[in-house]
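Student: Take a look at this one; I'll ask things after.
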Amino acid sequence: MCARYELNEQPRNIAVRFGLDALPPVVNRAIIRPTDQALVVRSGGDAVLCGWGFDVTWDSKPLINGRAETLDQKPTFRPYLENRCVVPATGYFEWRTGERAKHKNFIRPADQATYAMAGLAVNNRFIVLTCAPAPGIAHIHNRMPVILSPDCEPDWLDPGQPFSAVAHHLVAYDRAPMLAEEEQPPVADQGDLFH
DNA sequence: CCAGACGTTGTT
DNA sequence: GTCTGG
DNA sequence: CCAGACGTTGTT
DNA sequence: GTCTGG
């Protein structure tokens with residue numbers, strides 16, 4: 001899940017939305033994929049670019065997600081429970097497995113154009129935390145990124161809070177419905193390829 | 001990053 | 001070769 | 001010692 | 001690569 005997301009918003013608006021001190025650094029593409037540099041916000045309006053995924057020695061692929069339910073039990077994550085961040089996004093992509101094909105969905109909360117995913121950021125890398133899905137999108141996938149309400153973001157980011165005091169934020173988004181737009185199957189417009 | 005897929009209709 | 005998805 | 005896990009996701 | 005369990 002959540003192996004791709006979008007941040008399609010003007011730096012100016014991102015700065016306002018997340019209370020940044022200055023305009024955030026910019027990357028030239030809106031679609032973010034594993035290993036890409038992307039914007040993360042830490043406490044105090046500190047916005048930096050980090051690469052998506054922690055490198056692990058046992059796999060060539062980076063570790064891009066962390067399960068919220070077990071985060072504080074994993075040796076890989078436990079040292080970093082206070083290195084919390086939020087990851088600005090305007091939507092994320094999820095593939096629903098259908099009878100015949102996979103259907104790509106673009107998913108976002110109904111009440112926020114630009115929202116915050118909960119994450120950890122360490123050594124210029126970040127991961128996105130996942131939780132059980134909200135009811136409206138459970139048919140698409142059994143996980144979703146943790147999406148924070150704006151009023152919870154400062155608490156989540158507060159480095160003075162122990163993880164145990166902020167872990168309750170790591171649940172499916174329930175402030176508004178989740179909207180999912182399913183990408184239409186591509187039109188096989190190959191006319192007379194076989195004529 | 002990198003392994004694995006890349007196509008699956010409806011019988012003109 | 002390019003796209004997909006974790 | 002040494003095989004297997006180690007995160008995830010999705011599920012052969 | 002390093003840790004864990006048998």
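Each chain in the structure tokens gets a letter, A, B, ..., in the order shown, and its residues are numbered from 1; ligands are numbered from 1 in order too.
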Using DSSP on the backbone coordinates, identify all residues within stretch 2-195 of chain A classified as strand (DSSP E); present the result as a ChimeraX atom specification.
Tutor: /A:5-6,31-32,37-42,46-52,65-67,84-89,91-97,102-109,115-122,125-131,144-145,147-148,178-182
Student: List the neighbours of D:DT9 out to 10 Å using only C-alpha atoms (C1' of nucleotides); skip same-chain residues closer than 6 positions along the sequence, and give me the result as a list of chain:residue names.
Tutor: A:Met1, A:Cys2, A:Ala3, A:Asn65, A:Asn142, A:Arg143, C:DG5, C:DG6
Student: Could you take the residues named above and write them with all heavy atoms, as an mmCIF file, in the first residue's frame?
Tutor:
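Dumped to result21.cif:
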data_model
loop_
_atom_site.group_PDB
_atom_site.id
_atom_site.type_symbol
_atom_site.label_atom_id
_atom_site.label_comp_id
_atom_site.auth_asym_id
_atom_site.auth_seq_id
_atom_site.Cartn_x
_atom_site.Cartn_y
_atom_site.Cartn_z
ATOM 1 N N MET A 1 0.839 -1.195 0.000
ATOM 2 C CA MET A 1 0.000 0.000 0.000
ATOM 3 C C MET A 1 0.877 1.250 0.000
ATOM 4 O O MET A 1 2.039 1.196 0.293
ATOM 5 C CB MET A 1 -0.879 0.041 1.228
ATOM 6 C CG MET A 1 -0.154 0.310 2.501
ATOM 7 S SD MET A 1 -0.328 1.907 3.232
ATOM 8 C CE MET A 1 -1.563 2.664 2.337
ATOM 9 N N CYS A 2 0.255 2.284 -0.284
ATOM 10 C CA CYS A 2 0.929 3.576 -0.162
ATOM 11 C C CYS A 2 2.376 3.529 -0.617
ATOM 12 O O CYS A 2 3.299 3.844 0.105
ATOM 13 C CB CYS A 2 0.868 4.122 1.259
ATOM 14 S SG CYS A 2 1.123 5.897 1.298
ATOM 15 N N ALA A 3 2.574 3.108 -1.851
ATOM 16 C CA ALA A 3 3.899 3.114 -2.440
ATOM 17 C C ALA A 3 4.047 4.305 -3.385
ATOM 18 O O ALA A 3 5.051 4.404 -4.090
ATOM 19 C CB ALA A 3 4.150 1.814 -3.203
ATOM 20 N N ASN A 65 7.163 1.903 4.724
ATOM 21 C CA ASN A 65 6.038 2.035 5.652
ATOM 22 C C ASN A 65 6.401 1.456 7.010
ATOM 23 O O ASN A 65 7.305 0.631 7.121
ATOM 24 C CB ASN A 65 4.801 1.273 5.143
ATOM 25 C CG ASN A 65 4.234 1.843 3.868
ATOM 26 O OD1 ASN A 65 3.890 1.100 2.947
ATOM 27 N ND2 ASN A 65 4.149 3.146 3.778
ATOM 28 N N ASN A 142 -6.564 -3.077 2.610
ATOM 29 C CA ASN A 142 -6.689 -3.336 4.038
ATOM 30 C C ASN A 142 -5.792 -2.445 4.900
ATOM 31 O O ASN A 142 -5.728 -2.618 6.113
ATOM 32 C CB ASN A 142 -6.401 -4.813 4.333
ATOM 33 C CG ASN A 142 -4.975 -5.197 4.011
ATOM 34 O OD1 ASN A 142 -4.283 -4.484 3.288
ATOM 35 N ND2 ASN A 142 -4.530 -6.304 4.546
ATOM 36 N N ARG A 143 -5.105 -1.502 4.265
ATOM 37 C CA ARG A 143 -4.288 -0.542 5.011
ATOM 38 C C ARG A 143 -4.462 0.833 4.403
ATOM 39 O O ARG A 143 -4.910 0.975 3.251
ATOM 40 C CB ARG A 143 -2.804 -0.912 4.961
ATOM 41 C CG ARG A 143 -2.451 -2.300 5.429
ATOM 42 C CD ARG A 143 -2.676 -2.532 6.889
ATOM 43 N NE ARG A 143 -1.761 -1.783 7.732
ATOM 44 C CZ ARG A 143 -1.905 -1.667 9.063
ATOM 45 N NH1 ARG A 143 -2.926 -2.236 9.673
ATOM 46 N NH2 ARG A 143 -1.049 -0.981 9.774
ATOM 47 P P DG C 5 -0.019 -1.578 -9.881
ATOM 48 O OP1 DG C 5 -1.025 -2.631 -9.919
ATOM 49 O OP2 DG C 5 -0.425 -0.161 -9.930
ATOM 50 O "O5'" DG C 5 0.866 -1.805 -8.582
ATOM 51 C "C5'" DG C 5 1.322 -3.130 -8.310
ATOM 52 C "C4'" DG C 5 2.363 -3.083 -7.219
ATOM 53 O "O4'" DG C 5 3.555 -2.473 -7.725
ATOM 54 C "C3'" DG C 5 1.969 -2.279 -5.981
ATOM 55 O "O3'" DG C 5 2.252 -3.092 -4.881
ATOM 56 C "C2'" DG C 5 2.898 -1.067 -6.008
ATOM 57 C "C1'" DG C 5 4.106 -1.654 -6.698
ATOM 58 N N9 DG C 5 5.006 -0.723 -7.351
ATOM 59 C C8 DG C 5 4.715 0.477 -7.923
ATOM 60 N N7 DG C 5 5.763 1.078 -8.429
ATOM 61 C C5 DG C 5 6.814 0.207 -8.174
ATOM 62 C C6 DG C 5 8.190 0.301 -8.484
ATOM 63 O O6 DG C 5 8.780 1.213 -9.059
ATOM 64 N N1 DG C 5 8.900 -0.806 -8.039
ATOM 65 C C2 DG C 5 8.345 -1.873 -7.386
ATOM 66 N N2 DG C 5 9.180 -2.851 -7.045
ATOM 67 N N3 DG C 5 7.056 -1.982 -7.097
ATOM 68 C C4 DG C 5 6.360 -0.912 -7.514
ATOM 69 P P DG C 6 1.522 -2.863 -3.492
ATOM 70 O OP1 DG C 6 0.334 -3.707 -3.404
ATOM 71 O OP2 DG C 6 1.393 -1.425 -3.231
ATOM 72 O "O5'" DG C 6 2.622 -3.463 -2.517
ATOM 73 C "C5'" DG C 6 3.418 -4.571 -2.906
ATOM 74 C "C4'" DG C 6 4.740 -4.496 -2.174
ATOM 75 O "O4'" DG C 6 5.662 -3.682 -2.940
ATOM 76 C "C3'" DG C 6 4.651 -3.851 -0.804
ATOM 77 O "O3'" DG C 6 5.550 -4.470 0.091
ATOM 78 C "C2'" DG C 6 5.094 -2.424 -1.058
ATOM 79 C "C1'" DG C 6 6.158 -2.637 -2.108
ATOM 80 N N9 DG C 6 6.391 -1.476 -2.939
ATOM 81 C C8 DG C 6 5.495 -0.518 -3.342
ATOM 82 N N7 DG C 6 6.024 0.414 -4.079
ATOM 83 C C5 DG C 6 7.364 0.041 -4.166
ATOM 84 C C6 DG C 6 8.441 0.662 -4.834
ATOM 85 O O6 DG C 6 8.428 1.693 -5.506
ATOM 86 N N1 DG C 6 9.633 -0.046 -4.670
ATOM 87 C C2 DG C 6 9.761 -1.197 -3.949
ATOM 88 N N2 DG C 6 10.968 -1.734 -3.895
ATOM 89 N N3 DG C 6 8.749 -1.782 -3.324
ATOM 90 C C4 DG C 6 7.590 -1.112 -3.464
#
Student: So, with only C-alpha atoms (C1' of nucleotides) as the atoms that count, which of A:Ala138, A:Ala167, A:Leu81, A:Leu63 lies closest to chain D?
Tutor: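 Smallest distance to chain D is found for A:Leu63.
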Student: Between atom CA of A:Thr90 and atom CA of A:Ala30, what is the spacing in Å?
Tutor: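 Between atom CA of A:Ala30 and atom CA of A:Thr90 the gap works out to 9.2 Å.
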Student: Determine which residues of chain D sit within 12 Å of chain A, taking into account only C-alpha atoms (C1' of nucleotides), and present them as a list in words.
Tutor: DG4, DA5, DC6, DG7, DT8, DT9 and DG10 of chain D
Student: Return as a list in words the residues belonging to chain E that are within 12 Å of chain A, counting only C-alpha atoms (C1' of nucleotides).
Tutor: DG1, DT2 and DC3 of chain E
Student: Put those residues in a file: N, CA, C and O atoms (P, O5', C5', C4', C3', O3' and C1' of nucleotides), as an mmCIF file, in the first residue's frame.
Tutor:
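selection03.cif written:
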data_model
loop_
_atom_site.group_PDB
_atom_site.id
_atom_site.type_symbol
_atom_site.label_atom_id
_atom_site.label_comp_id
_atom_site.auth_asym_id
_atom_site.auth_seq_id
_atom_site.Cartn_x
_atom_site.Cartn_y
_atom_site.Cartn_z
ATOM 1 P P DG E 1 27.618 -7.704 4.673
ATOM 2 O "O5'" DG E 1 26.966 -7.148 6.042
ATOM 3 C "C5'" DG E 1 27.274 -5.852 6.453
ATOM 4 C "C4'" DG E 1 26.479 -5.592 7.701
ATOM 5 C "C3'" DG E 1 26.961 -6.374 8.904
ATOM 6 O "O3'" DG E 1 26.924 -5.506 10.013
ATOM 7 C "C1'" DG E 1 24.695 -6.957 8.429
ATOM 8 P P DT E 2 27.472 -5.905 11.428
ATOM 9 O "O5'" DT E 2 26.174 -6.445 12.176
ATOM 10 C "C5'" DT E 2 25.057 -5.602 12.285
ATOM 11 C "C4'" DT E 2 23.984 -6.308 13.079
ATOM 12 C "C3'" DT E 2 24.481 -7.081 14.296
ATOM 13 O "O3'" DT E 2 23.606 -6.741 15.348
ATOM 14 C "C1'" DT E 2 23.159 -8.482 12.957
ATOM 15 P P DC E 3 23.868 -7.192 16.857
ATOM 16 O "O5'" DC E 3 22.532 -7.979 17.159
ATOM 17 C "C5'" DC E 3 21.296 -7.373 16.806
ATOM 18 C "C4'" DC E 3 20.220 -8.430 16.806
ATOM 19 C "C3'" DC E 3 20.236 -9.320 18.053
ATOM 20 O "O3'" DC E 3 18.928 -9.342 18.571
ATOM 21 C "C1'" DC E 3 20.219 -10.637 16.089
#
Student: What separation in Å, quoted to one decimal, exists between atom CA of A:Val48 and atom CA of A:Trp95?
Tutor: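 Taking atom CA of A:Val48 as the start and atom CA of A:Trp95 as the end point, the length is 29.0 Å.
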Student: Which parts of stretch 1-193 of chain A does DSSP call helix (DSSP H, G or I) when run on the backbone here, written out as a ChimeraX atom specification?
Tutor: /A:11-18,68-73,78-80,135-137,150-157,163-169
Student: Can you tell me how far atom CA of A:Lys61 sits from atom CA of A:Arg125, in Å to one decimal?
Tutor: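 We find that atom CA of A:Lys61 and atom CA of A:Arg125 lie 13.6 Å from each other.
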